[in-house]
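Student: Attaching a single structure in structure tokens format; questions to follow.
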Amino acid sequence: MLGLMQEWPLLCQRIIDHAAICHPDREVVTRSVEGPIHRTNYGQIRRRALKVAQRLDRDSIVLGDRVATLAWNTWRHLEIWYGIMGIGAVCHTINPRLFPEQIAWIINHARDRVIFADITFVPLLEKLAPQLEVIERFVILTDRSNMPVTSLRGAIAYEDWIDSVDGDFAWKLFDENTAAGLCYTSGTTGNPKGVLYSHRSNVLHSLMTAQADVLGLSCNDTVLPVVPLFHANSWGLAFHAPMVGSKIVFPGAKLDGASVYELLWDEKVTFTAGVPTVWLMLQQYMESNSLRLPALRDLTIGGAAPPPAMIEAFERMGICARQGWGMTEMGPVGSIGSLKPPFADLTGAEKIAQLSSQGFSPFLVEMKITDESGEKLPHDGKAYGRLKVRGPSVAKAYYGLNDEILDKEGYFDTGDVATIDEHAYMRITDRSKDVIKSGGEWISSIEVENAAIAHPSVQEAAAIAVSHPKWGERPLLIVQLNPNMETTRADILSFLEGKIAKWWMPDDVVMDSIPHTATGKIRKSELRERYRNHLLPSASVRPATVK
Ligand code: AMP
């Protein structure tokens with residue numbers, strides 16, 4: 001027997017409708033790419049999103065067509081986001097930090113018909129234009145007075161483009177499983193893979209993140225998404241904030257410590273989220289200027305493991321820094337490091353240790369860890385294995401690929417290695433391809449790095465595997481020092497003593513710059529390549545090539 005409740009497809013456009021009805025005056029503030037601060041609200045965002053939809057419809061963009069954005073976090077990007085989805089087209093957010101040839105590749109792979117780009121990216125698109133096979137229209141996100149002279153065929157200023165319609169338009173209605181967004185993962189090897197979100201997965205993901213112990217925003221919050229709309233579905237914030245009526249503050253193109261601090265302070269931001277590299281800039285700026293942010297209740301760090309030293313530094317400044325873990329394939333939130341009752345009253349080092357966990361999964365995400373043969377491992381905080389997940393906002397396939405990516409129980413292998421303890425707190429020890437295997441046992445590169453970052457001279461650290469004639473692999477620690485700081489190999493090694501297991505001690509330490517991926521992760525493949533022939537002092541012969 002079926003229930004007798006209404007059929008009401010979970011469509012993304014209903015979120016902006018709701019925001020415009022219940023929170024029409026709630027502000028959306030942007031540091032515009034052109035420079036000045038811009039202010040609008042949900043009522044206007046919806047009105048202009050409808051114009052985007054109407055104009056796309058007039059340009060014969062139909063259900064399932066892909067429409068790309070190459071843009072910073074701004075109010076215009078939000079309008080386009082809802083305008084595209086509201087006619088059942090697919091909003092393909094492109095990460096501009098990818099290599100140019102990867103950008104051209106994914107535009108062609110997605111077969112994007114229209115692209116919306118910030119003025120910043122016009123020169124990049126001009127270079128790529130001869131390779132772009134299917135783009136019919138370049139819409140530049142600015143008005144006529146700021147429109148650059150460009151060789152892009154038929155390029156038009158966004159404000160002129162939407163002013164050609166009157167907004168007298170209604171969203172289209174379609175099945176909730178219709179594709180809504182497309183986001184390519186920035187793998188370090190091979191071509192990027194497209195994750196295709198549906199309207200249903202986005203709405204459910206937003207309801208999931210709205211749980212109090214997840215992001216838990218409310219209409220009284222002011223949210224600054226440092227995480228870009230083009231990184232992993234904006235961590236859901238472009239849906240969650242309007243769904244509950246939070247004020248949004250978009251940082252545009254300026255993500256340095258001073259610019260982000262200024263917005264956090266001026267707009268009395270209560271919640272913000274981004275990757276550790278951005279928070280490092282904010283931390284340094286605040287520390288060196290003795291600054292505080294009394295309104296900020298929550299700074300969520302995700303995308304890569306934040307060192308406990310960073311969490312502690314924010315804690316000292318009165319800011320609760322929590323971790324979020326997830327991935328593009330998950331919509332993307334998978335866990336949040338909120339403190340449960342046994343831990344909520346912790347203070348000092350114990351609190352930092354608990355906040356350094358990647359947290360527990362919310363309702364709608366199920367997790368397990370397995371050994372290499374797929375056997376489940378216990379949740380005892382000790383056994384570590386491959387982390388696998390399932391749920392209604394987890395991918396079941398990649399766009400345009402036929403590969404089977406789920407196991408027999410429907411779980412997706414995240415590629416991360418983790419422990420889960422008896423309280424359901426999960427800790428990532430590594431990416432499976434980054435683990436260091438010494439004498440058959442795994443060394444957690446993240447724990448070695450976290451210990452090293454606590455050293456006052458160290459800005460960032462990366463532990464990688466280097467071949468060793470006796471142990472197979474041993475850790476090499478690469479450290480990037482804080483500006484104007486000096487230290488020695490011996491000093492770092494003695495600092496690590498007692499902080500990590502003896503056999504995890506790096507066999508060597510070098511000072512070098514640390515490269516990052518387009519989504520702010522340490523590019524370990526490049527470091528492994530750089531130190532392929534590094535001779536460890538503990539190795540009596542020059543090591544063989546490391547894969
Ligand atoms: P992306 O799809 O770019 O969001 O990357 C997802 C990957 O980033 C995950 O599989 C993890 O390896 C890594 N990641 C994300 N958040 C965290 C975190 N809090 N701690 C450690 N690794 C993380």
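Note on naming: chains are A, B, ... as they come in the structure tokens, residues start from 1 per chain, ligands start from 1 in the order shown.
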Let me have all residues with an atom within 6 Å of ligand 1, counting only C-alpha atoms and all ligand atoms, laid out as a ChimeraX atom specification.
Tutor: /A:185,232,302-305,323-328,358,414,416,428,431,519
Student: Going by DSSP on the backbone, which bits of region 104-212 of chain A are strand (DSSP E or B)? Write them as a list in words, please.
Tutor: Asp112, Arg113, Val114, Ile115, Phe116, Ala117, Arg137, Phe138, Val139, Ile140, Ile156, Ala157, Ala179, Ala180, Gly181, Leu182, Cys183, Tyr184, Thr185, Lys193, Gly194, Val195, Leu196, Tyr197 and Ser198 of chain A
Student: Just list as number ranges by chain whatever in region 6-170 of chain A DSSP marks as alpha helix (DSSP H).
Tutor: A: 13-22, 42-58, 75-85, 100-110, 122-128, 158-163
Student: Which is closest to Asp59 (chain A) among A:Leu224, A:Val114, A:Val134, A:Leu476, if we use only C-alpha atoms?
Tutor: A:Val114
Student: Report as a ChimeraX atom specification all protein, DNA and RNA residues lying within 12 Å of Cys183 (chain A), evaluated on only C-alpha atoms, omitting residues in the same chain fewer than 4 positions from it.
Tutor: /A:66-70,90-95,103,106-107,109-110,179,192-198,228-235,327-332,395,398-399
Student: If you count only C-alpha atoms, which residues fall within 12 Å of Arg523 (chain A), apart from same-chain ones fewer than 3 positions away, as an mmCIF file with N, CA, C and O atoms, in the first residue's frame?
Tutor:
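Contents of selection_4.cif, as written:
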data_model
loop_
_atom_site.group_PDB
_atom_site.id
_atom_site.type_symbol
_atom_site.label_atom_id
_atom_site.label_comp_id
_atom_site.auth_asym_id
_atom_site.auth_seq_id
_atom_site.Cartn_x
_atom_site.Cartn_y
_atom_site.Cartn_z
ATOM 1 N N SER A 186 39.253 16.870 -9.349
ATOM 2 C CA SER A 186 40.568 17.241 -9.873
ATOM 3 C C SER A 186 41.582 16.181 -9.494
ATOM 4 O O SER A 186 42.428 16.407 -8.653
ATOM 5 N N GLY A 187 41.441 15.003 -10.026
ATOM 6 C CA GLY A 187 42.390 13.934 -9.723
ATOM 7 C C GLY A 187 43.798 14.340 -10.154
ATOM 8 O O GLY A 187 43.958 15.155 -11.069
ATOM 9 N N THR A 188 44.805 13.788 -9.452
ATOM 10 C CA THR A 188 46.172 14.155 -9.805
ATOM 11 C C THR A 188 46.676 13.318 -10.975
ATOM 12 O O THR A 188 47.680 13.634 -11.579
ATOM 13 N N THR A 189 45.972 12.223 -11.257
ATOM 14 C CA THR A 189 46.363 11.428 -12.425
ATOM 15 C C THR A 189 45.129 11.210 -13.299
ATOM 16 O O THR A 189 44.008 11.206 -12.811
ATOM 17 N N ALA A 304 40.894 19.221 3.057
ATOM 18 C CA ALA A 304 42.192 18.622 3.393
ATOM 19 C C ALA A 304 42.274 18.677 4.915
ATOM 20 O O ALA A 304 41.541 19.441 5.551
ATOM 21 N N ARG A 431 45.364 9.433 2.161
ATOM 22 C CA ARG A 431 44.746 8.960 0.912
ATOM 23 C C ARG A 431 45.385 7.598 0.667
ATOM 24 O O ARG A 431 46.586 7.420 0.949
ATOM 25 N N LYS A 433 46.466 6.279 -1.889
ATOM 26 C CA LYS A 433 47.642 6.309 -2.769
ATOM 27 C C LYS A 433 48.826 7.068 -2.135
ATOM 28 O O LYS A 433 49.922 7.053 -2.678
ATOM 29 N N ASP A 434 48.592 7.692 -0.991
ATOM 30 C CA ASP A 434 49.674 8.442 -0.333
ATOM 31 C C ASP A 434 50.244 7.718 0.883
ATOM 32 O O ASP A 434 51.151 8.235 1.537
ATOM 33 N N ALA A 461 53.734 21.082 6.129
ATOM 34 C CA ALA A 461 54.601 19.898 6.077
ATOM 35 C C ALA A 461 53.948 18.816 5.230
ATOM 36 O O ALA A 461 52.717 18.708 5.183
ATOM 37 N N ALA A 462 54.780 18.034 4.552
ATOM 38 C CA ALA A 462 54.270 16.905 3.758
ATOM 39 C C ALA A 462 55.187 15.711 3.987
ATOM 40 O O ALA A 462 56.405 15.824 3.829
ATOM 41 N N ALA A 463 54.583 14.590 4.385
ATOM 42 C CA ALA A 463 55.370 13.359 4.551
ATOM 43 C C ALA A 463 55.074 12.461 3.351
ATOM 44 O O ALA A 463 53.907 12.218 3.032
ATOM 45 N N ILE A 464 56.128 12.007 2.693
ATOM 46 C CA ILE A 464 55.933 11.135 1.522
ATOM 47 C C ILE A 464 56.805 9.888 1.661
ATOM 48 O O ILE A 464 57.774 9.872 2.417
ATOM 49 N N SER A 513 59.535 24.212 -0.951
ATOM 50 C CA SER A 513 58.184 24.749 -1.114
ATOM 51 C C SER A 513 57.231 23.571 -1.357
ATOM 52 O O SER A 513 57.639 22.552 -1.910
ATOM 53 N N ILE A 514 55.971 23.741 -0.929
ATOM 54 C CA ILE A 514 54.997 22.641 -1.051
ATOM 55 C C ILE A 514 53.925 23.022 -2.069
ATOM 56 O O ILE A 514 53.232 24.023 -1.899
ATOM 57 N N PRO A 515 53.780 22.219 -3.137
ATOM 58 C CA PRO A 515 52.792 22.546 -4.179
ATOM 59 C C PRO A 515 51.383 22.068 -3.804
ATOM 60 O O PRO A 515 51.237 21.120 -3.035
ATOM 61 N N HIS A 516 50.370 22.739 -4.372
ATOM 62 C CA HIS A 516 48.974 22.386 -4.068
ATOM 63 C C HIS A 516 48.174 22.069 -5.324
ATOM 64 O O HIS A 516 48.494 22.553 -6.402
ATOM 65 N N THR A 517 47.086 21.316 -5.132
ATOM 66 C CA THR A 517 46.180 21.034 -6.254
ATOM 67 C C THR A 517 45.191 22.187 -6.392
ATOM 68 O O THR A 517 45.169 23.104 -5.564
ATOM 69 N N ALA A 518 44.340 22.084 -7.407
ATOM 70 C CA ALA A 518 43.343 23.128 -7.668
ATOM 71 C C ALA A 518 42.339 23.253 -6.543
ATOM 72 O O ALA A 518 41.619 24.242 -6.454
ATOM 73 N N THR A 519 42.254 22.249 -5.659
ATOM 74 C CA THR A 519 41.307 22.355 -4.548
ATOM 75 C C THR A 519 42.022 22.429 -3.203
ATOM 76 O O THR A 519 41.479 22.060 -2.172
ATOM 77 N N GLY A 520 43.283 22.889 -3.238
ATOM 78 C CA GLY A 520 43.975 23.207 -1.988
ATOM 79 C C GLY A 520 44.608 22.029 -1.269
ATOM 80 O O GLY A 520 44.975 22.148 -0.101
ATOM 81 N N GLU A 526 53.529 15.261 -7.106
ATOM 82 C CA GLU A 526 54.634 16.103 -7.577
ATOM 83 C C GLU A 526 55.842 15.992 -6.634
ATOM 84 O O GLU A 526 56.989 15.930 -7.077
ATOM 85 N N LEU A 527 55.567 15.949 -5.330
ATOM 86 C CA LEU A 527 56.672 15.827 -4.365
ATOM 87 C C LEU A 527 57.372 14.474 -4.509
ATOM 88 O O LEU A 527 58.594 14.379 -4.440
ATOM 89 N N ARG A 528 56.551 13.412 -4.732
ATOM 90 C CA ARG A 528 57.171 12.089 -4.905
ATOM 91 C C ARG A 528 58.094 12.089 -6.117
ATOM 92 O O ARG A 528 59.168 11.527 -6.111
ATOM 93 N N GLU A 529 57.625 12.793 -7.160
ATOM 94 C CA GLU A 529 58.426 12.874 -8.391
ATOM 95 C C GLU A 529 59.721 13.659 -8.118
ATOM 96 O O GLU A 529 60.806 13.251 -8.496
ATOM 97 N N ARG A 530 59.557 14.774 -7.379
ATOM 98 C CA ARG A 530 60.697 15.647 -7.076
ATOM 99 C C ARG A 530 61.763 14.892 -6.279
ATOM 100 O O ARG A 530 62.945 15.084 -6.448
#
Student: Give me the residues within 12 Å of Thr74 (chain A) as number ranges by chain, counting only C-alpha atoms and dropping any in the same chain fewer than 5 places off.
Tutor: A: 28-40, 45, 69, 79-81, 117-118, 141-142, 224-230, 238, 248-254
Student: Output N, CA, C and O atoms for every residue in the selection just made, as a compact mmCIF listing (two decimals), in the first residue's frame.
Tutor:
# COMPACT_ATOMS: atom_id res chain seq x y z
N VAL A 28 22.29 39.46 0.30
CA VAL A 28 23.38 38.72 -0.33
C VAL A 28 24.41 39.79 -0.71
O VAL A 28 24.17 40.62 -1.58
N VAL A 29 25.53 39.78 0.01
CA VAL A 29 26.54 40.83 -0.13
C VAL A 29 27.74 40.23 -0.88
O VAL A 29 28.13 39.11 -0.60
N THR A 30 28.33 41.00 -1.79
CA THR A 30 29.47 40.48 -2.55
C THR A 30 30.58 41.52 -2.65
O THR A 30 30.30 42.70 -2.90
N ARG A 31 31.84 41.06 -2.47
CA ARG A 31 32.95 41.90 -2.92
C ARG A 31 33.05 41.61 -4.42
O ARG A 31 33.50 40.54 -4.82
N SER A 32 32.56 42.55 -5.22
CA SER A 32 32.42 42.26 -6.65
C SER A 32 33.80 42.11 -7.30
O SER A 32 34.79 42.65 -6.81
N VAL A 33 33.82 41.38 -8.40
CA VAL A 33 35.07 41.18 -9.12
C VAL A 33 35.57 42.53 -9.66
O VAL A 33 36.76 42.79 -9.73
N GLU A 34 34.62 43.42 -9.95
CA GLU A 34 35.00 44.75 -10.44
C GLU A 34 35.56 45.61 -9.31
O GLU A 34 36.21 46.62 -9.56
N GLY A 35 35.27 45.28 -8.05
CA GLY A 35 35.86 46.02 -6.93
C GLY A 35 34.88 46.36 -5.81
O GLY A 35 35.03 45.86 -4.69
N PRO A 36 33.84 47.19 -6.08
CA PRO A 36 32.99 47.66 -4.98
C PRO A 36 32.16 46.55 -4.33
O PRO A 36 31.93 45.51 -4.93
N ILE A 37 31.73 46.81 -3.10
CA ILE A 37 30.82 45.89 -2.42
C ILE A 37 29.44 46.05 -3.05
O ILE A 37 28.96 47.16 -3.26
N HIS A 38 28.79 44.93 -3.34
CA HIS A 38 27.47 44.93 -3.97
C HIS A 38 26.47 44.29 -3.01
O HIS A 38 26.77 43.29 -2.37
N ARG A 39 25.27 44.88 -2.93
CA ARG A 39 24.26 44.32 -2.03
C ARG A 39 22.98 44.03 -2.78
O ARG A 39 22.48 44.86 -3.53
N THR A 40 22.45 42.83 -2.56
CA THR A 40 21.15 42.48 -3.10
C THR A 40 20.46 41.62 -2.06
O THR A 40 20.90 41.55 -0.91
N ILE A 45 17.42 38.13 -6.12
CA ILE A 45 18.17 37.01 -6.72
C ILE A 45 17.19 36.11 -7.48
O ILE A 45 17.44 35.70 -8.61
N THR A 69 29.85 27.50 -15.81
CA THR A 69 30.25 28.75 -15.17
C THR A 69 31.75 28.66 -14.87
O THR A 69 32.26 27.59 -14.52
N GLU A 79 22.66 33.63 -9.05
CA GLU A 79 21.49 33.77 -9.94
C GLU A 79 21.55 32.76 -11.09
O GLU A 79 20.56 32.11 -11.43
N ILE A 80 22.75 32.63 -11.65
CA ILE A 80 22.91 31.71 -12.79
C ILE A 80 22.66 30.28 -12.35
O ILE A 80 22.01 29.49 -13.03
N TRP A 81 23.24 29.96 -11.19
CA TRP A 81 23.11 28.63 -10.58
C TRP A 81 21.63 28.20 -10.58
O TRP A 81 21.26 27.15 -11.09
N ALA A 117 31.33 33.57 -17.66
CA ALA A 117 32.69 33.70 -17.10
C ALA A 117 32.89 35.09 -16.51
O ALA A 117 32.41 36.10 -17.05
N ASP A 118 33.63 35.14 -15.40
CA ASP A 118 34.01 36.43 -14.83
C ASP A 118 35.03 37.11 -15.73
O ASP A 118 35.77 36.44 -16.46
N LEU A 141 30.38 38.02 -17.02
CA LEU A 141 29.63 38.41 -15.83
C LEU A 141 29.96 39.83 -15.39
O LEU A 141 30.65 40.05 -14.38
N THR A 142 29.44 40.78 -16.13
CA THR A 142 29.65 42.18 -15.81
C THR A 142 28.62 43.02 -16.55
O THR A 142 27.74 42.47 -17.23
N LEU A 224 29.72 33.23 5.26
CA LEU A 224 30.69 33.62 4.23
C LEU A 224 31.29 32.34 3.64
O LEU A 224 32.15 31.70 4.26
N PRO A 225 30.81 31.94 2.46
CA PRO A 225 31.36 30.73 1.85
C PRO A 225 32.69 31.09 1.16
O PRO A 225 32.69 31.61 0.06
N VAL A 226 33.80 30.80 1.86
CA VAL A 226 35.10 30.96 1.20
C VAL A 226 35.23 29.84 0.18
O VAL A 226 35.77 30.01 -0.89
N VAL A 227 34.67 28.68 0.54
CA VAL A 227 34.68 27.57 -0.42
C VAL A 227 33.97 28.04 -1.69
O VAL A 227 32.87 28.57 -1.63
N PRO A 228 34.62 27.88 -2.84
CA PRO A 228 34.01 28.38 -4.06
C PRO A 228 32.79 27.57 -4.51
O PRO A 228 32.70 26.39 -4.20
N LEU A 229 31.90 28.22 -5.24
CA LEU A 229 30.76 27.49 -5.80
C LEU A 229 31.25 26.39 -6.74
O LEU A 229 30.56 25.42 -6.98
N PHE A 230 32.49 26.57 -7.27
CA PHE A 230 33.01 25.57 -8.21
C PHE A 230 33.73 24.42 -7.51
O PHE A 230 34.17 23.49 -8.15
N ALA A 238 25.36 26.91 -1.23
CA ALA A 238 24.50 27.69 -2.14
C ALA A 238 23.04 27.21 -2.07
O ALA A 238 22.14 27.89 -2.57
N ILE A 248 24.07 35.89 3.09
CA ILE A 248 25.30 35.38 2.48
C ILE A 248 26.25 36.54 2.21
O ILE A 248 25.83 37.61 1.77
N VAL A 249 27.54 36.29 2.43
CA VAL A 249 28.58 37.26 2.08
C VAL A 249 29.56 36.54 1.15
O VAL A 249 30.23 35.60 1.56
N PHE A 250 29.59 36.98 -0.11
CA PHE A 250 30.48 36.33 -1.09
C PHE A 250 31.79 37.12 -1.20
O PHE A 250 31.77 38.33 -1.41
N PRO A 251 32.93 36.41 -1.13
CA PRO A 251 34.20 37.14 -1.15
C PRO A 251 34.74 37.48 -2.53
O PRO A 251 35.80 38.11 -2.63
N GLY A 252 34.05 37.08 -3.61
CA GLY A 252 34.56 37.38 -4.96
C GLY A 252 35.91 36.74 -5.17
O GLY A 252 36.14 35.59 -4.78
N ALA A 253 36.84 37.50 -5.77
CA ALA A 253 38.13 36.92 -6.16
C ALA A 253 39.20 37.07 -5.08
O ALA A 253 40.28 36.50 -5.21
N LYS A 254 38.92 37.85 -4.02
CA LYS A 254 39.99 38.16 -3.05
C LYS A 254 39.90 37.25 -1.82
O LYS A 254 39.01 37.42 -0.98
Student: Just want the 8 Å neighbourhood of Gly257 (chain A), counted on only C-alpha atoms, with same-chain residues fewer than 6 positions away dropped. Output as JSON, numbers by chain.
Tutor: {"A": [278, 279, 281, 282, 283, 284, 285, 286]}
Student: Between A:Ala104, A:Ile87, A:Leu364, A:Leu264, which one has atoms that come closest to Ser60 (chain A), using only C-alpha atoms?
Tutor: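 Closest to Ser60 (chain A), using only C-alpha atoms: A:Ile87.
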Student: Which residues come within 12 Å of Asp143 (chain A), counting only C-alpha atoms, excluding same-chain residues fewer than 6 positions away, as a compact mmCIF listing (two decimals) with all heavy atoms, in the first residue's frame?
Tutor:
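Generated file (result_8.txt):
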# COMPACT_ATOMS: atom_id res chain seq x y z
N SER A 32 32.56 42.55 -5.22
CA SER A 32 32.42 42.26 -6.65
C SER A 32 33.80 42.11 -7.30
O SER A 32 34.79 42.65 -6.81
CB SER A 32 31.62 43.35 -7.35
OG SER A 32 32.37 44.55 -7.37
N VAL A 33 33.82 41.38 -8.40
CA VAL A 33 35.07 41.18 -9.12
C VAL A 33 35.57 42.53 -9.66
O VAL A 33 36.76 42.79 -9.73
CB VAL A 33 34.86 40.15 -10.26
CG1 VAL A 33 36.14 39.96 -11.06
CG2 VAL A 33 34.40 38.83 -9.67
N GLU A 34 34.62 43.42 -9.95
CA GLU A 34 35.00 44.75 -10.44
C GLU A 34 35.56 45.61 -9.31
O GLU A 34 36.21 46.62 -9.56
CB GLU A 34 33.78 45.47 -11.05
CG GLU A 34 33.23 44.83 -12.32
CD GLU A 34 32.13 43.80 -12.04
OE1 GLU A 34 32.04 43.32 -10.89
OE2 GLU A 34 31.37 43.47 -12.95
N ARG A 76 25.94 37.15 -8.86
CA ARG A 76 25.57 36.75 -10.23
C ARG A 76 25.70 35.24 -10.40
O ARG A 76 24.88 34.60 -11.05
CB ARG A 76 26.45 37.48 -11.24
CG ARG A 76 26.16 38.97 -11.35
CD ARG A 76 26.93 39.58 -12.53
NE ARG A 76 26.67 40.98 -12.69
CZ ARG A 76 27.59 41.96 -12.57
NH1 ARG A 76 28.84 41.67 -12.28
NH2 ARG A 76 27.26 43.21 -12.76
N ASP A 118 33.63 35.14 -15.40
CA ASP A 118 34.01 36.43 -14.83
C ASP A 118 35.03 37.11 -15.73
O ASP A 118 35.77 36.44 -16.46
CB ASP A 118 34.62 36.23 -13.43
CG ASP A 118 33.56 36.25 -12.35
OD1 ASP A 118 32.60 37.04 -12.47
OD2 ASP A 118 33.67 35.47 -11.39
N ILE A 119 35.12 38.44 -15.62
CA ILE A 119 36.08 39.18 -16.46
C ILE A 119 37.51 38.66 -16.25
O ILE A 119 38.31 38.63 -17.16
CB ILE A 119 36.01 40.71 -16.24
CG1 ILE A 119 35.98 41.06 -14.75
CG2 ILE A 119 34.82 41.31 -16.94
CD1 ILE A 119 35.93 42.56 -14.47
N ILE A 156 28.92 38.61 -24.79
CA ILE A 156 27.97 39.65 -24.40
C ILE A 156 28.06 39.87 -22.90
O ILE A 156 28.35 38.93 -22.15
CB ILE A 156 26.53 39.23 -24.84
CG1 ILE A 156 25.51 40.30 -24.47
CG2 ILE A 156 26.13 37.89 -24.26
CD1 ILE A 156 24.13 40.09 -25.08
N ALA A 157 27.84 41.11 -22.48
CA ALA A 157 27.86 41.40 -21.04
C ALA A 157 26.58 40.82 -20.41
O ALA A 157 25.48 40.98 -20.95
CB ALA A 157 27.91 42.90 -20.80
N TYR A 158 26.74 40.17 -19.28
CA TYR A 158 25.63 39.49 -18.59
C TYR A 158 24.43 40.41 -18.38
O TYR A 158 23.29 40.02 -18.60
CB TYR A 158 26.16 38.98 -17.25
CG TYR A 158 25.15 38.37 -16.31
CD1 TYR A 158 24.63 37.10 -16.56
CD2 TYR A 158 24.75 39.04 -15.15
CE1 TYR A 158 23.73 36.52 -15.67
CE2 TYR A 158 23.84 38.48 -14.27
CZ TYR A 158 23.33 37.22 -14.53
OH TYR A 158 22.44 36.65 -13.65
N GLU A 159 24.70 41.65 -17.93
CA GLU A 159 23.58 42.55 -17.62
C GLU A 159 22.76 42.86 -18.88
O GLU A 159 21.54 42.96 -18.81
CB GLU A 159 24.08 43.84 -16.95
CG GLU A 159 24.74 43.62 -15.59
CD GLU A 159 23.80 43.03 -14.53
OE1 GLU A 159 22.58 43.18 -14.65
OE2 GLU A 159 24.31 42.38 -13.58
N ASP A 160 23.43 42.99 -20.02
CA ASP A 160 22.69 43.20 -21.28
C ASP A 160 21.92 41.94 -21.64
O ASP A 160 20.79 41.98 -22.12
CB ASP A 160 23.66 43.53 -22.43
CG ASP A 160 24.21 44.94 -22.29
OD1 ASP A 160 23.62 45.72 -21.52
OD2 ASP A 160 25.24 45.24 -22.93
N TRP A 161 22.57 40.80 -21.40
CA TRP A 161 21.98 39.51 -21.78
C TRP A 161 20.67 39.28 -21.03
O TRP A 161 19.66 38.92 -21.62
CB TRP A 161 23.02 38.42 -21.49
CG TRP A 161 22.66 37.03 -21.87
CD1 TRP A 161 22.70 36.47 -23.12
CD2 TRP A 161 22.20 36.00 -20.99
NE1 TRP A 161 22.30 35.17 -23.06
CE2 TRP A 161 21.99 34.85 -21.77
CE3 TRP A 161 21.95 35.93 -19.61
CZ2 TRP A 161 21.55 33.64 -21.23
CZ3 TRP A 161 21.50 34.74 -19.07
CH2 TRP A 161 21.31 33.62 -19.87
N ILE A 162 20.66 39.52 -19.68
CA ILE A 162 19.39 39.27 -18.98
C ILE A 162 18.39 40.41 -19.16
O ILE A 162 17.20 40.20 -19.01
CB ILE A 162 19.54 38.92 -17.47
CG1 ILE A 162 20.26 39.99 -16.68
CG2 ILE A 162 20.17 37.58 -17.24
CD1 ILE A 162 20.15 39.72 -15.16
N ASP A 163 18.88 41.59 -19.52
CA ASP A 163 17.92 42.69 -19.72
C ASP A 163 17.11 42.53 -20.99
O ASP A 163 16.17 43.29 -21.23
CB ASP A 163 18.66 44.03 -19.72
CG ASP A 163 18.77 44.57 -18.30
OD1 ASP A 163 18.13 43.97 -17.42
OD2 ASP A 163 19.50 45.56 -18.09
Student: Tell me, in Å to one decimal, how far CA of Tyr82 (chain A) is from CA of Gly216 (chain A).
Tutor: 22.0 Å
Student: What separation in Å, quoted to one decimal, exists between CA of Met317 (chain A) and CA of Tyr261 (chain A)?
Tutor: 13.2 Å
Student: Can you measure CA of Gln354 (chain A) to CA of Tyr411 (chain A) for me? One decimal in Å is fine.
Tutor: 26.7 Å
Student: For Ile115 (chain A), which residue among A:Ala295, A:Ala344, A:Val139, A:Ala539 is the nearest when counting only C-alpha atoms?
Tutor: A:Val139
Student: Give the answer as one residue: which of A:Lys340, A:Phe121, A:Leu493, A:Gly439 has the shortest atom-to-atom distance to Pro148 (chain A), using only C-alpha atoms?
Tutor: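 Among the listed residues, the smallest separation from Pro148 (chain A) belongs to A:Phe121.
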Student: Taking into account only C-alpha atoms, which residue in the set A:Val394, A:Leu339, A:Ala129, A:Ile135 is nearest to Ala424 (chain A)?
Tutor: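 Closest residue, counting only C-alpha atoms: A:Leu339.
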Student: Determine the nearest neighbour of Leu387 (chain A) from the options A:Asp430, A:Glu404, A:Glu441, A:Glu350, counting only C-alpha atoms.
Tutor: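 Among the listed residues, the smallest separation from Leu387 (chain A) belongs to A:Asp430.
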